[in-house]
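Source file: input_36.cif; contents: mmCIF, C-alpha atoms.
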data_work
#
loop_
_atom_site.group_PDB
_atom_site.id
_atom_site.type_symbol
_atom_site.label_atom_id
_atom_site.label_comp_id
_atom_site.auth_asym_id
_atom_site.auth_seq_id
_atom_site.Cartn_x
_atom_site.Cartn_y
_atom_site.Cartn_z
ATOM 1 C CA MET A 195 -17.250 28.868 -11.989
ATOM 2 C CA GLY A 196 -16.518 26.678 -14.959
ATOM 3 C CA ASP A 197 -17.586 26.219 -18.537
ATOM 4 C CA TYR A 198 -20.930 24.691 -17.618
ATOM 5 C CA ASP A 199 -24.232 26.527 -17.379
ATOM 6 C CA LEU A 200 -26.098 26.705 -14.074
ATOM 7 C CA GLY A 201 -29.115 28.476 -15.564
ATOM 8 C CA LYS A 202 -30.444 31.462 -13.630
ATOM 9 C CA LEU A 203 -27.726 30.968 -10.997
ATOM 10 C CA ASP A 204 -25.099 31.817 -13.640
ATOM 11 C CA ASP A 205 -26.703 35.103 -14.637
ATOM 12 C CA ASP A 206 -24.012 37.843 -14.612
ATOM 13 C CA ALA A 207 -26.087 40.273 -12.497
ATOM 14 C CA TYR A 208 -26.940 37.498 -10.043
ATOM 15 C CA LYS A 209 -23.260 36.534 -9.697
ATOM 16 C CA VAL A 210 -22.296 40.131 -8.849
ATOM 17 C CA GLU A 211 -25.096 40.671 -6.325
ATOM 18 C CA VAL A 212 -24.981 37.367 -4.479
ATOM 19 C CA LEU A 213 -22.385 36.056 -2.045
ATOM 20 C CA ARG A 214 -20.998 32.659 -3.010
ATOM 21 C CA THR A 215 -19.569 30.352 -0.345
ATOM 22 C CA LYS A 216 -18.023 26.954 -1.005
ATOM 23 C CA LEU A 217 -19.014 24.596 1.806
ATOM 24 C CA LEU A 218 -17.536 21.313 0.624
ATOM 25 C CA GLY A 219 -15.505 19.854 -2.207
ATOM 26 C CA ILE A 220 -15.045 16.132 -2.795
ATOM 27 C CA ALA A 221 -12.819 15.030 -5.658
ATOM 28 C CA GLU A 222 -14.375 11.605 -6.220
ATOM 29 C CA CYS A 223 -17.842 10.240 -5.658
ATOM 30 C CA PHE A 224 -20.146 8.037 -7.690
ATOM 31 C CA MET A 225 -23.547 8.504 -9.294
ATOM 32 C CA TYR A 226 -25.885 5.530 -9.756
ATOM 33 C CA ARG A 227 -29.020 4.887 -11.749
ATOM 34 C CA LEU A 228 -31.758 3.821 -9.348
ATOM 35 C CA PRO A 229 -33.534 0.558 -10.151
ATOM 36 C CA ALA A 230 -36.963 0.946 -11.729
ATOM 37 C CA GLY A 231 -39.719 1.252 -9.166
ATOM 38 C CA SER A 232 -37.446 2.498 -6.362
ATOM 39 C CA ARG A 233 -39.349 4.260 -3.611
ATOM 40 C CA SER A 234 -38.549 5.933 -0.314
ATOM 41 C CA PRO A 235 -37.179 4.641 2.016
ATOM 42 C CA TYR A 236 -34.327 3.754 -0.328
ATOM 43 C CA ARG A 237 -31.779 0.942 0.016
ATOM 44 C CA ALA A 238 -28.419 0.848 -1.761
ATOM 45 C CA GLU A 239 -28.333 -2.958 -1.787
ATOM 46 C CA GLY A 240 -30.243 -3.074 -5.077
ATOM 47 C CA TRP A 241 -28.079 -0.509 -6.856
ATOM 48 C CA PRO A 242 -25.429 -1.530 -9.392
ATOM 49 C CA LEU A 243 -22.617 -0.531 -6.994
ATOM 50 C CA THR A 244 -19.868 -2.107 -9.097
ATOM 51 C CA LYS A 245 -21.043 -0.187 -12.188
ATOM 52 C CA PRO A 246 -21.616 3.479 -11.339
ATOM 53 C CA LEU A 247 -23.284 5.663 -13.932
ATOM 54 C CA GLN A 248 -20.476 8.229 -13.602
ATOM 55 C CA CYS A 249 -17.512 9.070 -11.377
ATOM 56 C CA VAL A 250 -17.913 12.759 -10.477
ATOM 57 C CA SER A 251 -16.557 15.567 -8.351
ATOM 58 C CA LEU A 252 -18.951 17.213 -5.908
ATOM 59 C CA ARG A 253 -19.021 20.819 -4.838
ATOM 60 C CA VAL A 254 -21.536 22.044 -2.255
ATOM 61 C CA GLU A 255 -21.914 25.794 -2.250
ATOM 62 C CA ARG A 256 -24.244 28.469 -1.018
ATOM 63 C CA ARG A 257 -25.295 31.222 -3.410
ATOM 64 C CA GLY A 258 -27.576 33.703 -1.734
ATOM 65 C CA SER A 259 -30.625 31.759 -0.613
ATOM 66 C CA ALA A 260 -29.758 28.699 -2.733
ATOM 67 C CA LEU A 261 -27.777 25.652 -1.657
ATOM 68 C CA LEU A 262 -26.220 23.980 -4.702
ATOM 69 C CA LEU A 263 -24.934 20.453 -5.120
ATOM 70 C CA VAL A 264 -22.852 20.630 -8.295
ATOM 71 C CA PHE A 265 -21.681 17.338 -9.805
ATOM 72 C CA THR A 266 -19.021 17.591 -12.538
ATOM 73 C CA TYR A 267 -16.911 15.095 -14.458
ATOM 74 C CA THR A 268 -13.743 15.323 -16.510
ATOM 75 C CA HIS A 269 -14.418 15.094 -20.232
ATOM 76 C CA GLY A 270 -11.926 14.296 -22.951
ATOM 77 C CA SER A 271 -8.159 14.246 -23.020
ATOM 78 C CA GLN A 272 -7.938 17.979 -22.274
ATOM 79 C CA GLY A 273 -9.408 17.449 -18.818
ATOM 80 C CA LYS A 274 -12.308 19.896 -19.192
ATOM 81 C CA ASN A 275 -14.910 19.762 -16.427
ATOM 82 C CA LYS A 276 -18.482 19.246 -17.585
ATOM 83 C CA LEU A 277 -21.657 19.558 -15.559
ATOM 84 C CA PHE A 278 -23.143 16.120 -14.897
ATOM 85 C CA ALA A 279 -25.984 17.051 -12.549
ATOM 86 C CA LEU A 280 -27.219 19.900 -10.362
ATOM 87 C CA CYS A 281 -29.396 19.957 -7.269
ATOM 88 C CA SER A 282 -30.605 23.426 -6.307
ATOM 89 C CA ILE A 283 -32.315 23.882 -2.935
ATOM 90 C CA ASP A 284 -33.991 27.184 -2.036
ATOM 91 C CA LEU A 285 -33.307 27.673 1.672
ATOM 92 C CA VAL A 286 -35.651 30.641 2.135
ATOM 93 C CA GLU A 287 -38.806 29.707 0.255
ATOM 94 C CA LYS A 288 -38.902 26.059 1.271
ATOM 95 C CA ASP A 289 -41.746 24.370 -0.550
ATOM 96 C CA GLN A 290 -40.338 20.974 0.378
ATOM 97 C CA PRO A 291 -38.330 19.619 3.321
ATOM 98 C CA LEU A 292 -34.596 18.983 2.776
ATOM 99 C CA GLU A 293 -35.311 15.225 2.537
ATOM 100 C CA HIS A 294 -37.170 15.954 -0.709
ATOM 101 C CA TYR A 295 -33.816 16.858 -2.276
ATOM 102 C CA VAL A 296 -31.346 14.623 -0.405
ATOM 103 C CA GLU A 297 -32.293 11.437 1.411
ATOM 104 C CA ALA A 298 -29.959 8.995 3.142
ATOM 105 C CA VAL A 299 -30.493 5.319 2.342
ATOM 106 C CA LEU A 300 -31.461 2.925 5.134
ATOM 107 C CA ASP A 301 -28.767 0.307 4.704
ATOM 108 C CA SER A 302 -25.559 2.366 4.471
ATOM 109 C CA THR A 303 -23.990 5.567 5.770
ATOM 110 C CA ARG A 304 -22.160 6.181 2.464
ATOM 111 C CA TYR A 305 -25.104 6.378 0.039
ATOM 112 C CA PHE A 306 -27.825 8.948 -0.634
ATOM 113 C CA VAL A 307 -30.580 9.661 -3.133
ATOM 114 C CA VAL A 308 -30.410 13.138 -4.677
ATOM 115 C CA ARG A 309 -33.097 14.952 -6.671
ATOM 116 C CA VAL A 310 -31.338 16.626 -9.601
ATOM 117 C CA THR A 311 -32.901 19.145 -11.951
ATOM 118 C CA ASP A 312 -32.549 20.147 -15.564
ATOM 119 C CA GLU A 313 -33.730 23.750 -15.467
ATOM 120 C CA LYS A 314 -33.732 24.155 -19.251
ATOM 121 C CA ALA A 315 -35.865 21.077 -19.915
ATOM 122 C CA GLY A 316 -37.912 21.498 -16.722
ATOM 123 C CA ARG A 317 -37.232 17.916 -15.603
ATOM 124 C CA GLU A 318 -36.258 16.289 -12.335
ATOM 125 C CA ALA A 319 -34.698 12.912 -11.666
ATOM 126 C CA LEU A 320 -33.686 10.878 -8.644
ATOM 127 C CA ILE A 321 -30.146 9.581 -8.761
ATOM 128 C CA GLY A 322 -28.005 7.608 -6.343
ATOM 129 C CA LEU A 323 -24.901 9.189 -4.799
ATOM 130 C CA GLY A 324 -22.143 7.161 -3.177
ATOM 131 C CA PHE A 325 -18.894 7.988 -1.413
ATOM 132 C CA ARG A 326 -15.809 5.811 -1.144
ATOM 133 C CA ASP A 327 -15.247 6.743 2.534
ATOM 134 C CA ARG A 328 -17.617 7.168 5.468
ATOM 135 C CA GLU A 329 -15.712 10.307 6.441
ATOM 136 C CA GLU A 330 -16.579 11.981 3.122
ATOM 137 C CA ALA A 331 -20.207 10.903 3.496
ATOM 138 C CA GLY A 332 -20.220 12.417 6.990
ATOM 139 C CA ASP A 333 -18.798 15.676 5.637
ATOM 140 C CA PHE A 334 -21.530 15.714 2.984
ATOM 141 C CA ARG A 335 -24.216 15.092 5.584
ATOM 142 C CA ALA A 336 -22.855 17.931 7.755
ATOM 143 C CA SER A 337 -22.695 20.436 4.904
#
Show this structure as structure tokens.
Amino acid sequence: MGDYDLGKLDDDAYKVEVLRTKLLGIAECFMYRLPAGSRSPYRAEGWPLTKPLQCVSLRVERRGSALLLVFTYTHGSQGKNKLFALCSIDLVEKDQPLEHYVEAVLDSTRYFVVRVTDEKAGREALIGLGFRDREEAGDFRAS
């Protein structure tokens, strides 16, 4: 999987017992800090689009009953991938609708707001996600 920790989803027994399916891979997309006080429905027009927080790779995969959005970035001169953010969506025991985790913005087809989690610290954050091309954004929406 990589040298980054996905918490309980990286447990050795879990990896052996659960089918893993890669649904989408996008080599370059952009993460943005949302302006203070941002609320749904979101608009990308107020985001710092010329200054992304991080340029990342995105992998969407299904592991058992979980849908994962894994955002990684290349770190250092050795080109090691590091985990930037993770969004884990339980598809079976849905406590929240899908829009709770991923929400399209109103003013563009290329931007979304994603709820990412830090399982170890028990924190959640909303972060902006942008794609260079509409086609990639459409692939993300379909996955």
Practice task
Apply the PyMOL selection byres ((chain A and resi 326) around 8) to the structure shown and report the selected residues as a PyMOL selection string.
Solution key: chain A and resi 222-223+304+324-325+327-328+330
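The coordinates place CA of Lys288 (chain A) at 27.5 Å from CA of Val250 (chain A).
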Please report as CSV every residue of region 277-300 of chain A lying within 12 Å of region 240-247 of chain A, along with the nearest atom pair and their distance in Å (one decimal), using only C-alpha atoms.
residue,atom,partner,partner_atom,distance
A:Phe278,CA,A:Leu247,CA,10.5
A:Ala279,CA,A:Leu247,CA,11.8
A:Val299,CA,A:Trp241,CA,11.2
A:Leu300,CA,A:Gly240,CA,11.9
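Residues with any atom within 7 Å of Leu277 (chain A), counting only C-alpha atoms and excluding same-chain neighbours fewer than 2 positions away, are Tyr198, Phe265, Thr266, Tyr267, Asn275 and Ala279 of chain A.
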Residue selection dump (C-alpha atoms) as an mmCIF file, in the coordinates of the input:
data_model
loop_
_atom_site.group_PDB
_atom_site.id
_atom_site.type_symbol
_atom_site.label_atom_id
_atom_site.label_comp_id
_atom_site.auth_asym_id
_atom_site.auth_seq_id
_atom_site.Cartn_x
_atom_site.Cartn_y
_atom_site.Cartn_z
ATOM 1 C CA TYR A 198 -20.930 24.691 -17.618
ATOM 2 C CA PHE A 265 -21.681 17.338 -9.805
ATOM 3 C CA THR A 266 -19.021 17.591 -12.538
ATOM 4 C CA TYR A 267 -16.911 15.095 -14.458
ATOM 5 C CA ASN A 275 -14.910 19.762 -16.427
ATOM 6 C CA ALA A 279 -25.984 17.051 -12.549
#
Exercise for the section: Kindly give the distance, in Å, that separates CA of Ser251 (chain A) and CA of Tyr226 (chain A), rounded to a single decimal. Expected result: 13.8 Å
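Comparing A:Leu262, A:Leu320, A:Val212, A:Val310 by their smallest distance to Arg233 (chain A), the closest is A:Leu320 (using only C-alpha atoms).
In this model, the gap between CA of Arg253 (chain A) and CA of His269 (chain A) comes to 17.1 Å.
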Handout entry: Best match for closeness to Lys276 (chain A) among A:Leu213, A:Ala331, A:Val307, A:Gln248, counting only C-alpha atoms
Key = A:Gln248
Practice task
Dig up all the protein and nucleic acid residues within 7 Å of (-28.2, 25.0, -1.7) in the file frame, using all atoms listed in the file, and format them as a list in words.
Solution key: Glu255, Arg256, Ala260, Leu261, Leu262, Leu263, Ser282, Ile283, Asp284 and Leu285 of chain A
Those selected residues, please, written with C-alpha atoms and delivered as a PDB file, in the coordinates of the input.
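The file below, result_2.pdb, is the result:
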ATOM      1  CA  GLU A 255     -21.914  25.794  -2.250  1.00  0.00           C
ATOM      2  CA  ARG A 256     -24.244  28.469  -1.018  1.00  0.00           C
ATOM      3  CA  ALA A 260     -29.758  28.699  -2.733  1.00  0.00           C
ATOM      4  CA  LEU A 261     -27.777  25.652  -1.657  1.00  0.00           C
ATOM      5  CA  LEU A 262     -26.220  23.980  -4.702  1.00  0.00           C
ATOM      6  CA  LEU A 263     -24.934  20.453  -5.120  1.00  0.00           C
ATOM      7  CA  SER A 282     -30.605  23.426  -6.307  1.00  0.00           C
ATOM      8  CA  ILE A 283     -32.315  23.882  -2.935  1.00  0.00           C
ATOM      9  CA  ASP A 284     -33.991  27.184  -2.036  1.00  0.00           C
ATOM     10  CA  LEU A 285     -33.307  27.673   1.672  1.00  0.00           C
TER      11      LEU A 285
END
With 3 Å added on each side, what axis-aligned box encloses every listed atom of region 225-228 of chain A? Give the centre and edge lengths in Å to one decimal, as lines of an AutoDock Vina configuration file.
center_x = -27.7
center_y = 6.2
center_z = -10.5
size_x = 14.2
size_y = 10.7
size_z = 8.5
Problem - Phe306 (chain A) environment, 7 Å, all atoms listed in the file, sequence neighbours closer than 4 positions dropped, as a PyMOL selection string - result: chain A and resi 296-299+322-324
Handout entry: Resolved residues for the PyMOL selection byres ((chain A and resi 319) around 9) as a list in words
Key = Val308, Arg309, Val310, Thr311, Asp312, Arg317, Glu318, Leu320 and Ile321 of chain A
Problem - Among the residues A:Val264, A:Cys249, A:Glu329, A:Leu228, the one that comes closest to Thr303 (chain A) [using only C-alpha atoms] - result: A:Glu329
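When only C-alpha atoms are used to compute distances to Glu293 (chain A), the closest of the residues A:Gly219, A:Pro235, A:Pro229, A:Gly258 turns out to be A:Pro235.
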